file entry_37.tsv (TSV, C-alpha atoms)
chain	number	residue	atom	x	y	z
J	1	MET	CA	98.40	115.17	99.27
J	2	SER	CA	96.64	117.20	101.89
J	3	ARG	CA	98.47	119.64	104.08
J	4	THR	CA	96.88	117.98	107.16
J	5	ARG	CA	98.36	114.64	106.25
J	6	LEU	CA	101.80	116.10	105.72
J	7	THR	CA	101.59	117.87	109.08
J	8	GLY	CA	100.64	114.64	110.87
J	9	ILE	CA	103.45	112.70	109.25
J	10	ASP	CA	105.97	115.41	110.09
J	11	ALA	CA	104.72	115.34	113.68
J	12	ALA	CA	105.30	111.59	113.83
J	13	ARG	CA	108.81	112.14	112.50
J	14	GLY	CA	109.30	114.76	115.21
J	15	VAL	CA	108.26	112.21	117.85
J	16	ALA	CA	110.86	109.82	116.44
J	17	LEU	CA	113.55	112.50	116.57
J	18	LEU	CA	112.86	113.35	120.22
J	19	GLY	CA	112.64	109.67	121.10
J	20	MET	CA	116.04	108.96	119.59
J	21	MET	CA	117.51	112.00	121.33
J	22	SER	CA	116.23	110.70	124.66
J	23	THR	CA	117.89	107.31	124.22
J	24	HIS	CA	121.14	109.03	123.27
J	25	ILE	CA	121.09	111.33	126.30
J	26	PHE	CA	119.60	109.36	129.19
J	27	PRO	CA	121.18	106.15	130.55
J	28	LEU	CA	119.29	103.02	129.56
J	29	TYR	CA	119.74	101.49	133.02
J	30	ASP	CA	119.49	103.02	136.48
J	31	PRO	CA	123.13	103.55	137.56
J	32	VAL	CA	122.28	102.55	141.16
J	33	THR	CA	119.90	99.60	140.85
J	34	GLY	CA	120.73	98.40	137.34
J	35	GLU	CA	117.03	98.32	136.50
J	36	PRO	CA	115.88	99.44	133.04
J	37	ALA	CA	115.27	103.20	132.94
J	38	PHE	CA	111.91	104.69	131.96
J	39	VAL	CA	113.28	106.21	128.76
J	40	ALA	CA	114.67	102.84	127.69
J	41	LEU	CA	111.40	101.04	128.37
J	42	VAL	CA	109.43	103.57	126.34
J	43	PHE	CA	111.69	104.62	123.47
J	44	SER	CA	114.47	102.04	122.99
J	45	GLY	CA	113.99	100.42	119.59
J	46	ARG	CA	110.64	102.11	119.05
J	47	ALA	CA	111.91	105.60	118.21
J	48	SER	CA	114.34	104.47	115.52
J	49	ALA	CA	111.72	102.08	114.10
J	50	LEU	CA	109.25	104.97	113.87
J	51	PHE	CA	111.90	106.99	112.03
J	52	ALA	CA	112.30	104.17	109.49
J	53	VAL	CA	108.56	103.52	109.07
J	54	VAL	CA	107.93	107.22	108.43
J	55	ALA	CA	110.74	107.12	105.87
J	56	GLY	CA	108.85	104.37	104.07
J	57	ILE	CA	105.68	106.45	104.16
J	58	GLY	CA	107.59	109.36	102.69
J	59	LEU	CA	108.93	107.21	99.86
J	60	ALA	CA	105.42	105.99	99.08
J	61	LEU	CA	104.10	109.56	98.97
J	62	LEU	CA	107.00	110.64	96.77
J	63	THR	CA	106.12	107.90	94.28
J	64	GLY	CA	102.40	108.57	94.00
J	65	GLY	CA	100.83	107.56	97.30
J	66	PRO	CA	97.79	105.38	96.55
J	67	ASN	CA	98.59	105.63	92.82
J	68	PRO	CA	102.25	104.60	92.43
J	69	GLY	CA	103.97	106.10	89.42
J	70	ALA	CA	101.34	108.80	88.92
J	71	GLY	CA	102.74	111.94	87.33
J	72	ARG	CA	106.36	110.80	87.00
J	73	SER	CA	108.21	107.88	85.45
J	74	PRO	CA	109.37	105.18	87.89
J	75	ALA	CA	112.94	105.51	86.61
J	76	ALA	CA	113.00	109.24	87.34
J	77	SER	CA	111.63	108.69	90.84
J	78	ARG	CA	114.26	106.05	91.54
J	79	ARG	CA	117.04	108.34	90.36
J	80	GLY	CA	115.82	111.01	92.74
J	81	ILE	CA	115.62	108.61	95.69
J	82	ALA	CA	119.08	107.22	94.93
J	83	ALA	CA	120.59	110.72	94.83
J	84	ARG	CA	118.94	111.56	98.15
J	85	ALA	CA	120.40	108.34	99.58
J	86	VAL	CA	123.90	109.31	98.45
J	87	VAL	CA	123.65	112.67	100.24
J	88	ILE	CA	122.38	111.01	103.43
J	89	ALA	CA	125.19	108.42	103.25
J	90	LEU	CA	127.82	111.15	102.90
J	91	ILE	CA	126.41	112.97	105.94
J	92	GLY	CA	126.43	109.69	107.84
J	93	LEU	CA	130.07	109.09	106.96
J	94	LEU	CA	131.04	112.59	108.14
J	95	LEU	CA	129.23	112.08	111.43
J	96	GLY	CA	130.79	108.63	111.76
J	97	GLY	CA	134.17	110.29	112.18
J	98	LEU	CA	133.05	111.99	115.39
J	99	ASP	CA	134.13	110.55	118.72
J	100	THR	CA	130.74	109.48	120.09
J	101	SER	CA	129.18	106.38	121.58
J	102	ILE	CA	125.93	106.95	119.68
J	103	ALA	CA	125.14	104.40	116.95
J	104	ILE	CA	124.49	106.72	114.00
J	105	ILE	CA	121.70	105.50	111.75
J	106	LEU	CA	122.21	107.65	108.64
J	107	PHE	CA	124.51	105.42	106.56
J	108	HIS	CA	122.29	102.38	107.13
J	109	TYR	CA	119.27	104.58	106.42
J	110	ALA	CA	120.75	105.52	103.05
J	111	VAL	CA	121.47	101.88	102.20
J	112	LEU	CA	117.84	101.06	102.96
J	113	PHE	CA	116.74	103.74	100.49
J	114	LEU	CA	118.77	102.00	97.78
J	115	LEU	CA	117.58	98.50	98.70
J	116	VAL	CA	113.94	99.52	98.58
J	117	LEU	CA	114.14	100.99	95.05
J	118	PRO	CA	112.70	97.86	93.34
J	119	PHE	CA	109.53	98.27	95.43
J	120	THR	CA	108.86	101.98	94.81
J	121	ASN	CA	106.44	101.42	91.90
J	122	MET	CA	104.65	98.46	93.47
J	123	ARG	CA	100.93	98.64	94.16
J	124	LEU	CA	99.41	98.03	97.57
J	125	PRO	CA	98.33	94.36	97.42
J	126	ARG	CA	101.64	93.07	96.10
J	127	LEU	CA	103.62	95.40	98.37
J	128	ALA	CA	101.69	94.15	101.41
J	129	VAL	CA	102.58	90.55	100.56
J	130	TRP	CA	106.25	91.45	100.26
J	131	ALA	CA	106.18	93.35	103.55
J	132	GLY	CA	104.53	90.46	105.39
J	133	ALA	CA	106.94	87.91	103.96
J	134	TRP	CA	109.94	90.12	104.77
J	135	VAL	CA	108.87	90.52	108.40
J	136	CYS	CA	108.46	86.75	108.79
J	137	LEU	CA	111.44	85.46	106.81
J	138	SER	CA	114.26	88.01	107.16
J	139	PRO	CA	114.86	87.21	110.87
J	140	VAL	CA	115.16	83.52	110.03
J	141	LEU	CA	117.68	84.21	107.28
J	142	ALA	CA	119.64	86.48	109.63
J	143	TYR	CA	119.67	83.78	112.30
J	144	LEU	CA	121.10	81.28	109.81
J	145	VAL	CA	123.69	83.62	108.27
J	146	ARG	CA	125.03	85.51	111.30
J	147	PRO	CA	126.99	82.59	112.86
J	148	TRP	CA	128.80	81.97	109.57
J	149	LEU	CA	129.68	85.66	109.26
J	150	ILE	CA	130.93	85.83	112.84
J	151	ASP	CA	133.15	82.80	112.22
J	152	ASN	CA	134.44	83.86	108.80
J	153	VAL	CA	134.46	87.66	108.68
J	154	VAL	CA	137.09	89.15	110.96
J	155	PRO	CA	136.26	91.38	112.69
J	156	PRO	CA	132.54	90.48	112.60
J	157	ASP	CA	131.54	94.16	112.75
J	158	VAL	CA	133.08	97.53	112.03
J	159	GLY	CA	133.72	98.23	115.70
J	160	GLY	CA	131.87	101.53	115.77
J	161	ASN	CA	130.21	103.93	113.37
J	162	ILE	CA	130.99	103.58	109.69
J	163	THR	CA	133.67	105.85	108.22
J	164	TRP	CA	135.58	105.99	104.93
J	165	GLU	CA	138.21	103.63	106.34
J	166	HIS	CA	135.73	100.79	106.54
J	167	PHE	CA	135.43	100.72	102.74
J	168	LEU	CA	138.92	99.19	102.74
J	169	GLU	CA	137.32	96.03	104.19
J	170	PRO	CA	134.24	95.55	101.98
J	171	ALA	CA	133.31	92.13	103.35
J	172	THR	CA	133.32	93.44	106.90
J	173	LEU	CA	131.37	96.52	105.86
J	174	LEU	CA	128.71	94.48	104.06
J	175	SER	CA	128.44	92.10	107.00
J	176	ASP	CA	127.84	94.97	109.41
J	177	VAL	CA	125.41	96.90	107.23
J	178	LEU	CA	123.31	93.91	106.19
J	179	PHE	CA	123.47	91.47	109.10
J	180	THR	CA	125.54	92.13	112.22
J	181	GLY	CA	125.33	95.86	112.93
J	182	VAL	CA	122.99	97.82	115.18
J	183	TYR	CA	120.67	98.51	112.22
J	184	PRO	CA	120.91	95.38	110.05
J	185	ALA	CA	119.43	96.30	106.69
J	186	LEU	CA	118.10	92.80	106.05
J	187	GLN	CA	115.54	93.07	108.85
J	188	TRP	CA	115.20	96.87	108.78
J	189	MET	CA	113.90	96.67	105.23
J	190	SER	CA	110.72	95.48	106.95
J	191	TYR	CA	110.14	98.94	108.40
J	192	LEU	CA	110.46	100.72	105.07
J	193	LEU	CA	108.20	98.20	103.35
J	194	ILE	CA	105.58	98.53	106.09
J	195	GLY	CA	105.88	102.29	105.84
J	196	MET	CA	105.37	102.10	102.09
J	197	VAL	CA	102.27	99.96	102.63
J	198	ILE	CA	100.91	102.65	104.96
J	199	GLY	CA	101.83	105.35	102.45
J	200	ARG	CA	99.84	103.57	99.73
J	201	LEU	CA	96.65	103.97	101.80
J	202	GLN	CA	94.24	106.90	101.55
J	203	LEU	CA	95.71	108.50	104.64
J	204	SER	CA	93.37	111.48	104.54
J	205	ASP	CA	90.38	109.14	105.12
J	206	LEU	CA	89.14	109.07	108.72
J	207	ARG	CA	88.35	105.35	108.53
J	208	VAL	CA	91.88	104.59	107.34
J	209	GLN	CA	93.39	106.65	110.15
J	210	ALA	CA	91.24	104.93	112.79
J	211	GLY	CA	91.92	101.52	111.28
J	212	LEU	CA	95.64	102.18	111.21
J	213	LEU	CA	95.55	103.13	114.90
J	214	ALA	CA	93.67	99.96	115.81
J	215	ALA	CA	95.88	97.75	113.64
J	216	GLY	CA	99.04	99.26	115.10
J	217	ILE	CA	97.92	98.73	118.68
J	218	PHE	CA	96.81	95.18	117.91
J	219	ALA	CA	100.12	94.29	116.23
J	220	ALA	CA	102.19	95.85	119.03
J	221	LEU	CA	100.28	94.13	121.86
J	222	GLY	CA	99.86	90.85	119.98
J	223	ALA	CA	103.58	90.55	119.25
J	224	LYS	CA	104.49	91.17	122.90
J	225	TYR	CA	101.89	88.68	124.14
J	226	LEU	CA	102.95	85.90	121.77
J	227	SER	CA	106.60	86.45	122.62
J	228	TRP	CA	105.81	86.39	126.35
J	229	TYR	CA	103.81	83.18	125.92
J	230	LEU	CA	106.61	81.43	124.03
J	231	LEU	CA	109.34	82.56	126.41
J	232	ILE	CA	107.52	82.05	129.73
J	233	ASP	CA	104.73	79.51	129.30
J	234	ALA	CA	106.44	77.46	126.60
J	235	GLY	CA	109.84	77.52	128.32
J	236	GLY	CA	111.82	79.49	125.78
J	237	PHE	CA	113.48	81.81	128.29
J	238	ALA	CA	114.88	78.87	130.26
J	239	GLU	CA	116.38	77.52	127.05
J	240	LEU	CA	117.99	80.89	126.28
J	241	LEU	CA	119.69	80.88	129.66
J	242	THR	CA	121.54	77.70	128.64
J	243	THR	CA	123.13	79.37	125.60
J	244	GLU	CA	126.53	81.04	125.76
J	245	SER	CA	124.98	84.52	125.62
J	246	GLY	CA	122.42	83.54	128.23
J	247	ARG	CA	125.20	82.58	130.62
J	248	THR	CA	127.27	85.69	129.82
J	249	TRP	CA	124.74	88.52	129.73
J	250	PRO	CA	121.92	89.62	132.10
J	251	ILE	CA	119.40	88.53	129.49
J	252	GLY	CA	116.34	89.14	131.66
J	253	ARG	CA	116.99	92.88	131.87
J	254	MET	CA	118.35	93.22	128.34
J	255	LEU	CA	115.20	91.72	126.86
J	256	GLU	CA	113.37	94.77	128.18
J	257	VAL	CA	115.82	97.33	126.82
J	258	ASN	CA	118.22	96.35	124.04
J	259	LEU	CA	119.87	93.22	122.63
J	260	THR	CA	122.48	95.08	120.60
J	261	GLY	CA	125.80	93.25	120.74
J	262	VAL	CA	124.33	90.00	122.06
J	263	ASP	CA	125.14	86.92	119.97
J	264	GLN	CA	121.70	85.48	119.28
J	265	SER	CA	122.77	81.98	118.29
J	266	GLY	CA	122.76	78.51	119.76
J	267	SER	CA	118.99	78.17	120.07
J	268	TRP	CA	116.03	78.78	117.80
J	269	TRP	CA	114.28	80.26	120.83
J	270	TRP	CA	116.10	83.53	120.11
J	271	LEU	CA	113.53	84.05	117.36
J	272	ALA	CA	110.79	84.14	120.01
J	273	VAL	CA	112.07	87.26	121.78
J	274	SER	CA	110.60	90.70	121.15
J	275	ALA	CA	113.40	92.73	122.72
J	276	PRO	CA	114.35	96.08	121.15
J	277	HIS	CA	117.02	95.72	118.48
J	278	SER	CA	116.73	91.92	118.48
J	279	GLY	CA	115.54	91.98	114.86
J	280	THR	CA	113.10	89.10	115.33
J	281	THR	CA	109.66	88.92	113.76
J	282	PHE	CA	108.08	89.79	117.11
J	283	ASP	CA	110.40	92.78	117.54
J	284	LEU	CA	109.64	94.02	114.03
J	285	LEU	CA	105.89	93.56	114.50
J	286	HIS	CA	105.84	95.27	117.88
J	287	THR	CA	107.94	98.28	116.90
J	288	ALA	CA	106.24	98.67	113.51
J	289	GLY	CA	102.90	98.44	115.29
J	290	THR	CA	103.81	101.19	117.73
J	291	ALA	CA	105.08	103.27	114.79
J	292	ALA	CA	101.80	102.81	112.91
J	293	ALA	CA	99.84	103.77	116.02
J	294	VAL	CA	101.90	106.95	116.51
J	295	VAL	CA	101.48	107.93	112.85
J	296	ALA	CA	97.73	107.34	113.05
J	297	ALA	CA	97.43	109.30	116.29
J	298	CYS	CA	99.30	112.23	114.77
J	299	LEU	CA	97.10	112.15	111.67
J	300	LEU	CA	93.94	112.06	113.79
J	301	LEU	CA	95.09	114.89	116.07
J	302	THR	CA	95.98	117.13	113.12
J	303	ARG	CA	92.98	116.16	111.03
J	304	SER	CA	90.92	119.28	111.75
J	305	ARG	CA	93.71	121.39	113.26
J	306	PRO	CA	96.86	120.97	111.14
J	307	ASN	CA	98.96	123.12	113.50
J	308	LEU	CA	97.92	121.38	116.72
J	309	LEU	CA	101.28	119.57	116.93
J	310	LEU	CA	103.26	122.37	115.29
J	311	PRO	CA	106.37	122.15	117.52
J	312	LEU	CA	106.66	118.45	116.66
J	313	SER	CA	105.84	118.83	112.97
J	314	ALA	CA	108.23	121.77	112.64
J	315	ALA	CA	111.09	119.71	114.05
J	316	GLY	CA	109.96	116.71	112.00
J	317	ALA	CA	110.17	118.70	108.79
J	318	MET	CA	113.95	119.04	109.14
J	319	THR	CA	115.09	115.93	111.00
J	320	LEU	CA	118.19	115.39	108.85
J	321	THR	CA	119.64	118.73	109.93
J	322	LEU	CA	118.48	118.50	113.55
J	323	TYR	CA	119.64	114.90	113.98
J	324	SER	CA	123.06	115.76	112.57
J	325	VAL	CA	123.48	118.79	114.82
J	326	HIS	CA	122.33	116.70	117.80
J	327	ILE	CA	125.00	114.08	117.09
J	328	TRP	CA	127.69	116.77	116.78
J	329	VAL	CA	126.66	118.42	120.07
J	330	MET	CA	126.58	115.05	121.85
J	331	ALA	CA	130.10	114.33	120.62
J	332	LEU	CA	131.23	117.63	122.17
J	333	LEU	CA	129.47	116.79	125.44
J	334	ASP	CA	130.98	113.29	125.49
J	335	ALA	CA	134.44	114.88	125.39
J	336	GLN	CA	133.79	116.79	128.61
J	337	GLN	CA	135.33	115.42	131.80
J	338	THR	CA	132.16	116.07	133.80
J	339	ALA	CA	128.93	114.86	132.23
J	340	PRO	CA	126.12	117.46	132.39
J	341	ASP	CA	122.73	116.56	133.82
J	342	PRO	CA	120.90	114.50	131.16
J	343	GLY	CA	117.55	116.09	131.97
J	344	TRP	CA	118.81	119.57	131.16
J	345	VAL	CA	120.59	118.31	128.04
J	346	PHE	CA	117.47	116.63	126.70
J	347	TRP	CA	115.11	119.53	127.27
J	348	LEU	CA	117.58	121.97	125.75
J	349	HIS	CA	117.88	119.73	122.69
J	350	ALA	CA	114.11	119.32	122.44
J	351	ALA	CA	113.45	123.04	122.82
J	352	ALA	CA	116.15	123.92	120.30
J	353	ALA	CA	114.73	121.42	117.78
J	354	ALA	CA	111.23	122.88	118.10
J	355	LEU	CA	112.37	126.51	117.97
J	356	VAL	CA	114.71	126.00	115.02
J	357	GLY	CA	112.00	124.11	113.17
J	358	LEU	CA	109.47	126.86	113.83
J	359	ALA	CA	111.94	129.50	112.68
J	360	PHE	CA	112.54	127.76	109.37
J	361	ILE	CA	108.80	127.35	108.82
J	362	ARG	CA	108.30	131.06	109.49
J	363	LEU	CA	111.07	131.82	106.98
J	364	GLY	CA	109.43	129.52	104.44
J	365	SER	CA	112.61	127.52	104.15
J	366	ARG	CA	113.83	123.97	104.58
J	367	GLY	CA	116.71	122.96	106.78
J	368	PRO	CA	120.13	123.30	105.12
J	369	LEU	CA	120.77	119.56	104.82
J	370	GLU	CA	117.20	118.98	103.61
J	371	THR	CA	117.82	121.60	100.93
J	372	VAL	CA	120.96	119.80	99.77
J	373	ALA	CA	119.28	116.39	99.73
J	374	SER	CA	116.20	117.74	97.95
J	375	GLY	CA	118.31	119.59	95.40
J	376	ALA	CA	120.37	116.50	94.61
J	377	SER	CA	117.16	114.51	94.25
J	378	ARG	CA	115.60	117.02	91.84
J	379	LEU	CA	118.80	117.25	89.81
J	380	ALA	CA	119.01	113.48	89.39
J	381	ARG	CA	115.28	113.10	88.81
J	382	ASP	CA	114.48	116.06	86.56
J	383	GLY	CA	117.88	117.27	85.38
J	384	LYS	CA	117.41	120.65	87.07
J	385	LEU	CA	117.55	122.15	90.55
J	386	THR	CA	114.25	124.00	90.34
J	387	GLY	CA	110.86	122.37	90.42
J	388	ASN	CA	108.35	120.79	92.75
J	389	ARG	CA	109.73	120.68	96.31
J	390	ARG	CA	109.35	117.10	97.51
call {"tool": "encode", "arguments": {"input": "entry_37.tsv", "output": "structure tokens"}}
result
Amino acid sequence: MSRTRLTGIDAARGVALLGMMSTHIFPLYDPVTGEPAFVALVFSGRASALFAVVAGIGLALLTGGPNPGAGRSPAASRRGIAARAVVIALIGLLLGGLDTSIAIILFHYAVLFLLVLPFTNMRLPRLAVWAGAWVCLSPVLAYLVRPWLIDNVVPPDVGGNITWEHFLEPATLLSDVLFTGVYPALQWMSYLLIGMVIGRLQLSDLRVQAGLLAAGIFAALGAKYLSWYLLIDAGGFAELLTTESGRTWPIGRMLEVNLTGVDQSGSWWWLAVSAPHSGTTFDLLHTAGTAAAVVAACLLLTRSRPNLLLPLSAAGAMTLTLYSVHIWVMALLDAQQTAPDPGWVFWLHAAAAALVGLAFIRLGSRGPLETVASGASRLARDGKLTGNRR
């Protein structure tokens, strides 16, 4: 793996981190007019999808890149990934106990690492078929299963971030993690699989980078256009307005920002939307396409100058630590009676992330939580704490 490629991928992860921070800090709707805010229109759904796609790329690189299984047994690699997932899940559970309105992704992220283990030794052609099928079929399965879960699993979700207490209701927990939560693993597996497909490419090749940029833009724009055609020209939006959710929620505005919490049942036309966090094929294609385009752009920009995006790549190299600290700080701010100005909060968070990342690079060290996760992975994979730092 070239250093340039690693720098570009870290920069893309840094973009995802800042994008998620912005959606946590800024309101998604204008408090005066009720119109979708700029941050919501740009980053809602896309930032977290980029985070997941880059995770898939990282898993592909950890397991051989274009040559899966090269240099290490598949079983050893899977043990290492599983151990890393356990550490991430534990951090997610600790953060879940904080009093915050932010939907914390880490526990779901860890579950995705475990679910993707059967695919970690798969070569590109077969992996691409699985990824394409998952994008097309998982939203249909979710549409069919969710109504049954809502009717038969009480409560239908965990009612907030996942903590240790939710393990006392395993059916509810599984329902939330796999189907009904903010980050349903059934559909979100698509992002990791697409990321792994990207990670199986020769990412140091200029033609691959340019092709990935073009393919990402095409997928993102094509998904939005097809969704718009089905909803507007084919009459799908009018049908959605006749459903219970369509009569209850301001669907027109929510389709632009976020469909989290909206019961997408009662009409097959829900599968035609491309709204952030709707989990449809069009949503997955659009957000994965934007993620691929961002990754390609970062690779191209750092191709000849690896440090061109250093503030982003430095933050992206330790997102587990920075994301966790960000959640903790936001929980403290949420407890204040007077909310601080979101602009100042965001830029302070962004500057702190870049500066802390740069400091750790200068020290030649990983973030503390990255060190723990990497150590657990090496111990499970190789039986020792020392070795190649991946």
call {"tool": "closest_residue", "arguments": {"input": "entry_37.tsv", "among": "J:Ile104, J:Leu112, J:Val372, J:Ala272", "to": "Tyr229 of chain J", "atoms": "all atoms listed in the file"}}
result
J:Ala272
call {"tool": "closest_residue", "arguments": {"input": "entry_37.tsv", "among": "J:Val153, J:Leu312, J:Ala317, J:Val257", "to": "Phe38 of chain J", "atoms": "only C-alpha atoms"}}
result
J:Val257
call {"tool": "atom_distance", "arguments": {"input": "entry_37.tsv", "atom1": "atom CA of Val129 of chain J", "atom2": "atom CA of Leu141 of chain J"}}
result
17.7 Å
call {"tool": "residues_near_point", "arguments": {"input": "entry_37.tsv", "point": "(117.8, 116.3, 118.9)", "cutoff": "10 Å", "atoms": "only C-alpha atoms", "output": "ChimeraX atom specification"}}
result
/J:14,16-22,24-25,315,319,321-327,329-330,345-354
call {"tool": "write_last_selection", "arguments": {"input": "entry_37.tsv", "atoms": "C-alpha atoms", "output": "tab-separated table (two decimals), in the frame of the given file"}}
result
chain	number	residue	atom	x	y	z
J	14	GLY	CA	109.30	114.76	115.21
J	16	ALA	CA	110.86	109.82	116.44
J	17	LEU	CA	113.55	112.50	116.57
J	18	LEU	CA	112.86	113.35	120.22
J	19	GLY	CA	112.64	109.67	121.10
J	20	MET	CA	116.04	108.96	119.59
J	21	MET	CA	117.51	112.00	121.33
J	22	SER	CA	116.23	110.70	124.66
J	24	HIS	CA	121.14	109.03	123.27
J	25	ILE	CA	121.09	111.33	126.30
J	315	ALA	CA	111.09	119.71	114.05
J	319	THR	CA	115.09	115.93	111.00
J	321	THR	CA	119.64	118.73	109.93
J	322	LEU	CA	118.48	118.50	113.55
J	323	TYR	CA	119.64	114.90	113.98
J	324	SER	CA	123.06	115.76	112.57
J	325	VAL	CA	123.48	118.79	114.82
J	326	HIS	CA	122.33	116.70	117.80
J	327	ILE	CA	125.00	114.08	117.09
J	329	VAL	CA	126.66	118.42	120.07
J	330	MET	CA	126.58	115.05	121.85
J	345	VAL	CA	120.59	118.31	128.04
J	346	PHE	CA	117.47	116.63	126.70
J	347	TRP	CA	115.11	119.53	127.27
J	348	LEU	CA	117.58	121.97	125.75
J	349	HIS	CA	117.88	119.73	122.69
J	350	ALA	CA	114.11	119.32	122.44
J	351	ALA	CA	113.45	123.04	122.82
J	352	ALA	CA	116.15	123.92	120.30
J	353	ALA	CA	114.73	121.42	117.78
J	354	ALA	CA	111.23	122.88	118.10
call {"tool": "atom_distance", "arguments": {"input": "entry_37.tsv", "atom1": "atom CA of Leu50 of chain J", "atom2": "atom CA of Phe119 of chain J"}}
result
19.6 Å
call {"tool": "closest_residue", "arguments": {"input": "entry_37.tsv", "among": "J:Ala292, J:Asn307, J:Leu255, J:Ala275", "to": "Gly211 of chain J", "atoms": "only C-alpha atoms"}}
result
J:Ala292
call {"tool": "atom_distance", "arguments": {"input": "entry_37.tsv", "atom1": "atom CA of Leu301 of chain J", "atom2": "atom CA of Val54 of chain J"}}
result
16.8 Å
call {"tool": "closest_residue", "arguments": {"input": "entry_37.tsv", "among": "J:Arg84, J:Arg200, J:Ser101, J:Leu6", "to": "Asn67 of chain J", "atoms": "all atoms listed in the file"}}
result
J:Arg200
call {"tool": "residues_around", "arguments": {"input": "entry_37.tsv", "residues": "segment 234-249 of chain J", "least_positions_apart": "6", "cutoff": "9 Å", "atoms": "all atoms listed in the file", "output": "short mmCIF file (atom, residue, chain, number, x, y, z; two decimals) with C-alpha atoms, in the coordinates of the input"}}
result
data_model
loop_
_atom_site.label_atom_id
_atom_site.label_comp_id
_atom_site.auth_asym_id
_atom_site.auth_seq_id
_atom_site.Cartn_x
_atom_site.Cartn_y
_atom_site.Cartn_z
CA TRP J 228 105.81 86.39 126.35
CA VAL J 262 124.33 90.00 122.06
CA ASP J 263 125.14 86.92 119.97
CA GLN J 264 121.70 85.48 119.28
CA SER J 265 122.77 81.98 118.29
CA GLY J 266 122.76 78.51 119.76
CA SER J 267 118.99 78.17 120.07
CA TRP J 268 116.03 78.78 117.80
CA TRP J 269 114.28 80.26 120.83
CA TRP J 270 116.10 83.53 120.11
CA ALA J 272 110.79 84.14 120.01
CA VAL J 273 112.07 87.26 121.78
#
call {"tool": "closest_residue", "arguments": {"input": "entry_37.tsv", "among": "J:Leu284, J:Ala133, J:Ile9, J:Ile232", "to": "Trp188 of chain J", "atoms": "all atoms listed in the file"}}
result
J:Leu284
call {"tool": "closest_residue", "arguments": {"input": "entry_37.tsv", "among": "J:Val145, J:Ile361, J:Met318, J:Leu285", "to": "Lys224 of chain J", "atoms": "all atoms listed in the file"}}
result
J:Leu285
call {"tool": "closest_atom_pairs", "arguments": {"input": "entry_37.tsv", "of": "segment 184-301 of chain J", "to": "segment 59-65 of chain J", "cutoff": "10 Å", "atoms": "all atoms listed in the file", "output": "CSV"}}
result
residue,atom,partner,partner_atom,distance
J:Leu192,CA,J:Leu59,CA,8.5
J:Leu193,CA,J:Ala60,CA,9.3
J:Gly195,CA,J:Ala60,CA,7.7
J:Met196,CA,J:Ala60,CA,4.9
J:Val197,CA,J:Ala60,CA,7.7
J:Ile198,CA,J:Ala60,CA,8.1
J:Gly199,CA,J:Ala60,CA,5.0
J:Arg200,CA,J:Gly65,CA,4.8
J:Leu201,CA,J:Gly65,CA,7.1
J:Gln202,CA,J:Gly65,CA,7.9
J:Leu203,CA,J:Gly65,CA,9.0
call {"tool": "residues_around", "arguments": {"input": "entry_37.tsv", "residues": "Arg72 of chain J", "least_positions_apart": "6", "cutoff": "12 Å", "atoms": "only C-alpha atoms", "output": "list of chain:residue names"}}
result
J:Leu62, J:Thr63, J:Gly64, J:Arg78, J:Arg79, J:Gly80, J:Asn121, J:Arg381, J:Asp382, J:Asn388
